[in-house]
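Novice: Following this message is one structure expressed as structure tokens.
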Amino acid sequence: MINFYAIKAIYRFEMSRTYRTPLQSFASPVISTVLYFVVFGSAIGNRMTPIDGISYGAFIVPGLIMLTVMTQSVANASFGIYFPKFLGTIYEHLSAPISSFEMVIGYVGAAATKSAGVGCIILAVSFLFVPLEIEHPLLMIGFLFATALCFSLLGFILGLWAKDFEQLNVVPTLIITPLVFLGGSFYSIDMLPSLWQTVSLFNPAMYVISGFRWAFFGVSDVSIAISLLSLAIFAMIFFAIIWRIFATGYRLRQ
Amino acid sequence: MSAVVQIKNLTKRYGDGKLALKDLSVEFMRGEIIALLGPNGAGKTSLISIICGLTTISDGRVTVDGFDIQLDYREARSLIGLVPQELTLEPFETVMGTVSLSRGLFGQAPNNDYVEGLLSRLSLWEKRDSPIRELSGGMKRRVLIAKALSHAPKILFLDEPTAGVDVDLRRDMWRLVKDLQAEGVTVILTTHYIEEAEEIADRVAVINEGQILLVEDKHVLMNRLGKKELLIELSDSLIEVPQGLASLGVRLQNDGRQLSYSYDMATEKSGIPEVLGALKAEGIGFSDVHTEQSSLEDIFIELVAER
Ligand SMILES: Nc1ncnc2c1ncn2[C@@H]1O[C@H](COP(=O)(O)OP(=O)(O)O)[C@@H](O)[C@H]1O
Ligand SMILES: [Mg+2]
């Protein structure tokens with residue numbers, strides 16, 4: 001038996017938080033993306049040679065979307081579960097007839113919806129700046145949502161683990177954003193010296209960005225199969241960690 | 001009456017080693033209002049938190065309407081509503097939003113009529129679209145009660161419900177508790193105010209240092225342990241207690257304007273006729289005679305001292 005009403009209630013509650021703060025939820029990621037386009041796409045991009053036959057302005061579109069989707073997923077999901085913990089309102093979830101699985105679906109689903117939605121908005125905006133043709137549109141959308149889900153799971157772990165707002169902020173700033181930046185959001189791994197190419201192979205974000213770019217242009221740093229597999233493995237690892245956290249009551253139930 | 005919550009040999013040890021509940025066993029009866037009475041740190045919140053699923057069990061077993069709270073947590077928790085001790089609410093959410101969340105969490109389909117009725121009953125209907133941060137403390141408390149009742153639970157826990165609550169809300173709350181009882185809801189409330197237990201509860205469980213000292217019908221408890229005091233208002237104040245009265249144990253108080261005599265309700269002979277006889281013999285005039293029952297506070301102090 002699954003408590004569908006609970007999943008729906010959590011999901012709606014989390015989404016309503018988004019609509020209450022439209023500026024923070026939608027405007028700020030869109031504005032920062034436009035800035036990236038202006039700076040990288042137009043100002044610098046004009047001086048860049050095309051990469052794999054793709055203009056630099058177009059090349060960075062998948063990277064920019066991934067940058068936003070990954071960071072926003074982590075931010076949304078971690079905040080979503082951390083805030084009730086911080087306020088103490090989590091008591092209600094703990095006393096409700098819901099399984100940890102249902103709680104994860106509600107929170108992670110809402111966080112992923114938000115960040116994937118922002119990703120779609122950015123995609124729409126990018127059509128205003130660069131001519132774009134997407135080779136595998138269905139795969140692209142699927143990949144977008146899968147990435148949003150995967151990184152929302154990671155954010156959920158972060159939110160469960162964090163004891164204060166500093167811990168909540170430090171992980172995205174010190175780990176996730178650098179990994180995404182260095183994972184080829186703005187360049188092809190081929191452009192790096194060989195040592196750094198090898199280092200990049202240890203960057204999980206690189207596999208995801210590469211796969212997403214393949215969906216756009218049919219070219220990528222690693223094969224699409226490896227990208228898809230990595231995404232599935234990451235999601236499974238994150239899910240297993242969450243399972244473990246709930247099973248032990250870690251930082252939720254004393 | 002049958003037990004609706006059964007707690008057997010419950011022990012709670014927190015991560016830091018603190019033993020909050022020690023092999024505690026108690027039963028709450030279907031349809032009763034029972035007060036868990038104990039000082040701060042007695043373990044009241046710990047006990048409630050375990051029954052409601054907020055805290056893990058270290059040892060022992062709890063069943064709610066026959067459902068084990070660990071094995072059959074869905075069934076058990078569906079029956080329970082909890083009003084926590086602290087005013088924990090999302091400040092930016094609206095009253096309606098947060099009550100709808102509660103109802104959904106407890107697996108109930110949206111029901112506008114029920115929620116409207118509930119909010120009206122708690123004088124919250126006008127405020128349904130207000131963000132919670134704009135509400136007064138008393139209103140927030142009402143919202144917490146509305147959340148706890150959003151799924152029409154059969155068992156309601158109120159943890160220190162009157163802490164920081166004004167007279168109006170207190171009165172409303174007691175009326176609501178009585179109404180809920182009439183509808184068949186079992187109400188368990190914690191308090192460290194004795195008057196509160198005395199005022200509202202059918203039975204009182206006295207808890208201290210993680211153990212139940214006793215569970216007793218309120219009136220039986222008062223009768224068993226209660227002392228009564230006979231107070232005699234004098235027409236003219238006295239300097240000292242006359243010999244005939246002093247020998248019976250009568251004391252003088254209130255600047256010599258009142259005589260007081262304590263007697264045990266459990267004993268056969270109260271000694272009151274002797275006191276009144278002595279008054280007459282001494283020729284002492286009095287304007288009024290009344291009795292006062294000792295409060296649960298006295299009883300409690302006595303119980304803790306006995307241990
Ligand atoms: N999370 C916790 N970790 C460690 N000790 C706790 C925790 N919660 C309560 N305690 C301790 O357990 C004892 C019982 O506390 P509590 O159940 O809150 O009592 P009450 O509600 O009767 O005031 C107290 O000594 C308290 O300090
Ligand atoms: Mg308490």
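Note on naming: chains are A, B, ... as they come in the structure tokens, residues start from 1 per chain, ligands start from 1 in the order shown.
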Tell me as a ChimeraX atom specification which residues belonging to chain A come within 12 Å of chain B, counting only C-alpha atoms.
Specialist: /A:1-21,80,83-100,102-103,106,246-254
Novice: Dump the neighbourhood of ligand 1 as a CSV table (one decimal) with N, CA and C atoms, in the first residue's frame: all residues within 12 Å, distances computed on only C-alpha atoms and all ligand atoms.
Specialist:
chain,number,residue,atom,x,y,z
A,251,ARG,N,20.2,11.3,12.2
A,251,ARG,CA,19.9,12.7,12.2
A,251,ARG,C,18.4,13.1,12.0
A,252,LEU,N,17.5,12.1,12.1
A,252,LEU,CA,16.1,12.4,11.9
A,252,LEU,C,15.4,12.0,13.2
A,253,ARG,N,15.5,10.7,13.5
A,253,ARG,CA,14.8,10.2,14.7
A,253,ARG,C,15.9,9.9,15.8
A,254,GLN,N,15.7,10.5,17.0
A,254,GLN,CA,16.7,10.3,18.0
A,254,GLN,C,16.5,8.9,18.7
B,11,THR,N,11.7,1.4,27.5
B,11,THR,CA,12.9,2.1,28.0
B,11,THR,C,13.4,3.0,26.8
B,12,LYS,N,13.8,4.2,27.2
B,12,LYS,CA,14.4,5.1,26.2
B,12,LYS,C,15.8,5.6,26.7
B,13,ARG,N,16.8,5.3,25.9
B,13,ARG,CA,18.1,5.8,26.2
B,13,ARG,C,18.5,6.7,25.0
B,14,TYR,N,18.8,8.0,25.2
B,14,TYR,CA,19.2,8.8,24.0
B,14,TYR,C,20.6,8.5,23.7
B,15,GLY,N,21.0,9.0,22.5
B,15,GLY,CA,22.4,8.8,22.0
B,15,GLY,C,23.5,9.2,23.0
B,16,ASP,N,23.2,10.3,23.7
B,16,ASP,CA,24.2,10.8,24.7
B,16,ASP,C,24.2,9.9,26.0
B,17,GLY,N,23.4,8.8,26.0
B,17,GLY,CA,23.4,8.0,27.2
B,17,GLY,C,22.4,8.3,28.2
B,18,LYS,N,21.7,9.4,28.0
B,18,LYS,CA,20.6,9.9,28.9
B,18,LYS,C,19.5,8.9,29.0
B,19,LEU,N,19.2,8.3,30.1
B,19,LEU,CA,18.1,7.4,30.3
B,19,LEU,C,16.8,8.2,30.6
B,20,ALA,N,15.9,8.3,29.6
B,20,ALA,CA,14.8,9.2,29.8
B,20,ALA,C,13.5,8.4,30.3
B,21,LEU,N,13.4,7.2,29.9
B,21,LEU,CA,12.3,6.3,30.3
B,21,LEU,C,12.9,5.0,30.8
B,22,LYS,N,12.4,4.6,32.0
B,22,LYS,CA,12.9,3.4,32.6
B,22,LYS,C,11.9,2.3,32.8
B,36,LEU,N,-0.8,13.2,31.8
B,36,LEU,CA,0.5,12.8,32.3
B,36,LEU,C,1.1,13.9,33.0
B,37,LEU,N,1.2,13.7,34.3
B,37,LEU,CA,1.6,14.8,35.2
B,37,LEU,C,3.0,14.6,35.7
B,38,GLY,N,3.9,15.6,35.5
B,38,GLY,CA,5.2,15.4,36.0
B,38,GLY,C,6.0,16.7,35.8
B,39,PRO,N,7.1,16.9,36.6
B,39,PRO,CA,7.9,18.1,36.4
B,39,PRO,C,8.7,18.1,35.1
B,40,ASN,N,9.3,19.2,34.8
B,40,ASN,CA,10.1,19.3,33.6
B,40,ASN,C,11.2,18.2,33.6
B,41,GLY,N,11.4,17.6,32.5
B,41,GLY,CA,12.4,16.5,32.4
B,41,GLY,C,12.0,15.2,32.9
B,42,ALA,N,10.7,15.0,33.3
B,42,ALA,CA,10.2,13.8,33.8
B,42,ALA,C,10.2,12.7,32.7
B,43,GLY,N,10.1,13.1,31.5
B,43,GLY,CA,10.0,12.1,30.4
B,43,GLY,C,8.7,12.1,29.6
B,44,LYS,N,7.9,13.1,29.9
B,44,LYS,CA,6.6,13.2,29.2
B,44,LYS,C,6.7,13.3,27.7
B,45,THR,N,7.5,14.2,27.3
B,45,THR,CA,7.7,14.4,25.8
B,45,THR,C,8.3,13.2,25.2
B,46,SER,N,9.3,12.6,25.9
B,46,SER,CA,9.9,11.4,25.3
B,46,SER,C,8.9,10.3,25.1
B,47,LEU,N,8.0,10.1,26.1
B,47,LEU,CA,7.0,9.1,26.0
B,47,LEU,C,6.1,9.3,24.8
B,48,ILE,N,5.6,10.5,24.7
B,48,ILE,CA,4.7,10.9,23.6
B,48,ILE,C,5.4,10.7,22.3
B,49,SER,N,6.7,11.2,22.2
B,49,SER,CA,7.4,11.1,21.0
B,49,SER,C,7.6,9.7,20.5
B,50,ILE,N,7.8,8.8,21.4
B,50,ILE,CA,7.9,7.4,21.0
B,50,ILE,C,6.6,6.9,20.5
B,54,LEU,N,8.2,9.8,16.6
B,54,LEU,CA,9.2,10.8,16.4
B,54,LEU,C,10.6,10.3,16.9
B,55,THR,N,10.5,9.4,17.8
B,55,THR,CA,11.7,8.9,18.5
B,55,THR,C,11.7,7.4,18.5
B,56,THR,N,12.9,6.8,18.4
B,56,THR,CA,13.0,5.4,18.4
B,56,THR,C,12.9,4.8,19.8
B,84,PRO,N,2.4,19.3,19.2
B,84,PRO,CA,3.6,19.3,19.9
B,84,PRO,C,3.8,20.4,20.9
B,85,GLN,N,4.8,20.3,21.7
B,85,GLN,CA,5.0,21.3,22.8
B,85,GLN,C,5.4,22.6,22.2
B,86,GLU,N,6.3,22.6,21.2
B,86,GLU,CA,6.8,23.8,20.7
B,86,GLU,C,5.9,24.3,19.5
B,158,LEU,N,-1.7,15.9,23.4
B,158,LEU,CA,-1.5,17.4,23.5
B,158,LEU,C,-0.3,17.5,24.5
B,159,ASP,N,0.8,18.0,24.0
B,159,ASP,CA,2.0,18.1,24.8
B,159,ASP,C,2.1,19.5,25.4
B,160,GLU,N,1.9,19.6,26.7
B,160,GLU,CA,1.9,20.9,27.4
B,160,GLU,C,1.0,22.0,26.6
B,161,PRO,N,-0.3,21.7,26.5
B,161,PRO,CA,-1.1,22.5,25.6
B,161,PRO,C,-1.4,23.9,26.1
B,189,LEU,N,-2.9,14.2,27.5
B,189,LEU,CA,-2.2,15.5,27.6
B,189,LEU,C,-1.2,15.5,28.7
B,190,THR,N,-0.1,16.3,28.5
B,190,THR,CA,0.9,16.3,29.5
B,190,THR,C,0.9,17.7,30.1
B,191,THR,N,1.2,17.8,31.3
B,191,THR,CA,1.3,19.1,32.0
B,191,THR,C,2.2,19.0,33.2
B,192,HIS,N,2.7,20.1,33.6
B,192,HIS,CA,3.3,20.1,34.9
B,192,HIS,C,2.5,21.0,35.8
B,193,TYR,N,1.3,21.5,35.3
B,193,TYR,CA,0.4,22.2,36.2
B,193,TYR,C,-0.6,21.2,36.8
B,206,VAL,N,1.0,9.9,37.1
B,206,VAL,CA,2.1,10.8,37.6
B,206,VAL,C,3.4,10.2,37.2
B,207,ILE,N,4.2,11.0,36.5
B,207,ILE,CA,5.5,10.5,36.0
B,207,ILE,C,6.6,11.3,36.5
B,208,ASN,N,7.7,10.7,36.9
B,208,ASN,CA,8.9,11.4,37.4
B,208,ASN,C,10.1,10.5,37.1
B,209,GLU,N,11.1,11.2,36.6
B,209,GLU,CA,12.4,10.5,36.3
B,209,GLU,C,12.2,9.3,35.5
B,210,GLY,N,11.4,9.4,34.5
B,210,GLY,CA,11.2,8.3,33.5
B,210,GLY,C,10.4,7.1,34.0
B,211,GLN,N,9.7,7.3,35.2
B,211,GLN,CA,8.9,6.2,35.7
B,211,GLN,C,7.5,6.7,36.1
B,212,ILE,N,6.5,5.8,35.9
B,212,ILE,CA,5.2,6.1,36.3
B,212,ILE,C,5.1,5.8,37.8
Novice: Please extract the residues of range 185-254 of chain B with a backbone DSSP assignment of strand (DSSP E) and present them as a PyMOL selection string.
Specialist: chain B and resi 186-191+203-208+211-217+227-234+251-253
Novice: Using DSSP on the backbone coordinates, identify the residues of range 6-230 of chain A assigned to alpha helix (DSSP H); present them as a PyMOL selection string.
Specialist: chain A and resi 6-20+22+28-36+56-87+90-95+100-129+137-161+165-171+177-180+194-200+204-217+224-230
Novice: Counting only C-alpha atoms, what is within 7 Å of range 125-127 of chain B, bar same-chain residues fewer than 6 positions away, as an mmCIF file with N, CA, C and O atoms, in the first residue's frame?
Specialist:
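Result file follows (result.cif):
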data_model
loop_
_atom_site.group_PDB
_atom_site.id
_atom_site.type_symbol
_atom_site.label_atom_id
_atom_site.label_comp_id
_atom_site.auth_asym_id
_atom_site.auth_seq_id
_atom_site.Cartn_x
_atom_site.Cartn_y
_atom_site.Cartn_z
ATOM 1 N N VAL B 95 -2.441 29.132 6.582
ATOM 2 C CA VAL B 95 -3.127 28.213 7.486
ATOM 3 C C VAL B 95 -3.705 27.039 6.691
ATOM 4 O O VAL B 95 -3.492 25.870 7.021
ATOM 5 N N GLU B 116 -13.166 22.913 6.538
ATOM 6 C CA GLU B 116 -13.855 24.167 6.879
ATOM 7 C C GLU B 116 -14.473 24.076 8.275
ATOM 8 O O GLU B 116 -14.344 24.989 9.088
ATOM 9 N N LEU B 119 -11.649 24.283 10.877
ATOM 10 C CA LEU B 119 -11.086 25.625 11.041
ATOM 11 C C LEU B 119 -12.087 26.549 11.719
ATOM 12 O O LEU B 119 -11.714 27.393 12.546
#
Novice: Could you tell me which of B:Ile301, B:Leu230, B:Ile33, B:Val26 comes closest to Gln181 in chain B if we count only C-alpha atoms?
Specialist: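 Checking each of B:Ile301, B:Leu230, B:Ile33, B:Val26 against Gln181 in chain B, counting only C-alpha atoms, the winner is B:Ile33.
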Novice: Write out as a PDB file with N, CA and C atoms, in the first residue's frame each polymer residue whose atoms come within 9 Å of Leu144 in chain A, counting only C-alpha atoms; drop sequence neighbours fewer than 2 positions from it.
Specialist:
ATOM      1  N   ILE A  65      22.810  24.632 -19.263  1.00  0.00           N
ATOM      2  CA  ILE A  65      21.598  24.024 -18.693  1.00  0.00           C
ATOM      3  C   ILE A  65      21.982  23.040 -17.603  1.00  0.00           C
ATOM      4  N   MET A  66      22.993  22.214 -17.879  1.00  0.00           N
ATOM      5  CA  MET A  66      23.430  21.240 -16.873  1.00  0.00           C
ATOM      6  C   MET A  66      23.939  21.936 -15.616  1.00  0.00           C
ATOM      7  N   VAL A  69      20.838  23.062 -13.828  1.00  0.00           N
ATOM      8  CA  VAL A  69      19.998  21.956 -13.342  1.00  0.00           C
ATOM      9  C   VAL A  69      20.689  21.230 -12.181  1.00  0.00           C
ATOM     10  N   ALA A 116      14.273  21.031 -13.326  1.00  0.00           N
ATOM     11  CA  ALA A 116      14.094  20.681 -14.742  1.00  0.00           C
ATOM     12  C   ALA A 116      13.280  21.773 -15.437  1.00  0.00           C
ATOM     13  N   GLY A 119      15.545  24.448 -16.190  1.00  0.00           N
ATOM     14  CA  GLY A 119      16.353  24.017 -17.333  1.00  0.00           C
ATOM     15  C   GLY A 119      15.624  24.260 -18.645  1.00  0.00           C
ATOM     16  N   CYS A 120      14.324  23.950 -18.675  1.00  0.00           N
ATOM     17  CA  CYS A 120      13.536  24.161 -19.893  1.00  0.00           C
ATOM     18  C   CYS A 120      13.439  25.653 -20.229  1.00  0.00           C
ATOM     19  N   LEU A 139      15.477  12.222 -26.099  1.00  0.00           N
ATOM     20  CA  LEU A 139      16.552  11.810 -25.197  1.00  0.00           C
ATOM     21  C   LEU A 139      17.020  13.012 -24.368  1.00  0.00           C
ATOM     22  N   MET A 140      17.072  14.170 -25.025  1.00  0.00           N
ATOM     23  CA  MET A 140      17.517  15.379 -24.334  1.00  0.00           C
ATOM     24  C   MET A 140      16.606  15.675 -23.140  1.00  0.00           C
ATOM     25  N   ILE A 141      15.287  15.638 -23.378  1.00  0.00           N
ATOM     26  CA  ILE A 141      14.335  15.915 -22.290  1.00  0.00           C
ATOM     27  C   ILE A 141      14.438  14.845 -21.209  1.00  0.00           C
ATOM     28  N   GLY A 142      14.526  13.589 -21.641  1.00  0.00           N
ATOM     29  CA  GLY A 142      14.662  12.499 -20.676  1.00  0.00           C
ATOM     30  C   GLY A 142      15.920  12.673 -19.835  1.00  0.00           C
ATOM     31  N   ALA A 146      16.205  13.119 -15.844  1.00  0.00           N
ATOM     32  CA  ALA A 146      16.977  12.117 -15.100  1.00  0.00           C
ATOM     33  C   ALA A 146      18.078  12.793 -14.300  1.00  0.00           C
ATOM     34  N   THR A 147      18.743  13.771 -14.912  1.00  0.00           N
ATOM     35  CA  THR A 147      19.804  14.491 -14.201  1.00  0.00           C
ATOM     36  C   THR A 147      19.216  15.251 -13.017  1.00  0.00           C
ATOM     37  N   ALA A 148      18.074  15.897 -13.252  1.00  0.00           N
ATOM     38  CA  ALA A 148      17.432  16.652 -12.180  1.00  0.00           C
ATOM     39  C   ALA A 148      17.089  15.714 -11.018  1.00  0.00           C
ATOM     40  N   LEU A 149      16.564  14.546 -11.318  1.00  0.00           N
ATOM     41  CA  LEU A 149      16.222  13.573 -10.269  1.00  0.00           C
ATOM     42  C   LEU A 149      17.460  13.112  -9.530  1.00  0.00           C
ATOM     43  N   PHE A 212      24.546  14.786 -22.097  1.00  0.00           N
ATOM     44  CA  PHE A 212      23.539  15.778 -22.443  1.00  0.00           C
ATOM     45  C   PHE A 212      23.906  16.497 -23.740  1.00  0.00           C
TER      46      PHE A 212
END
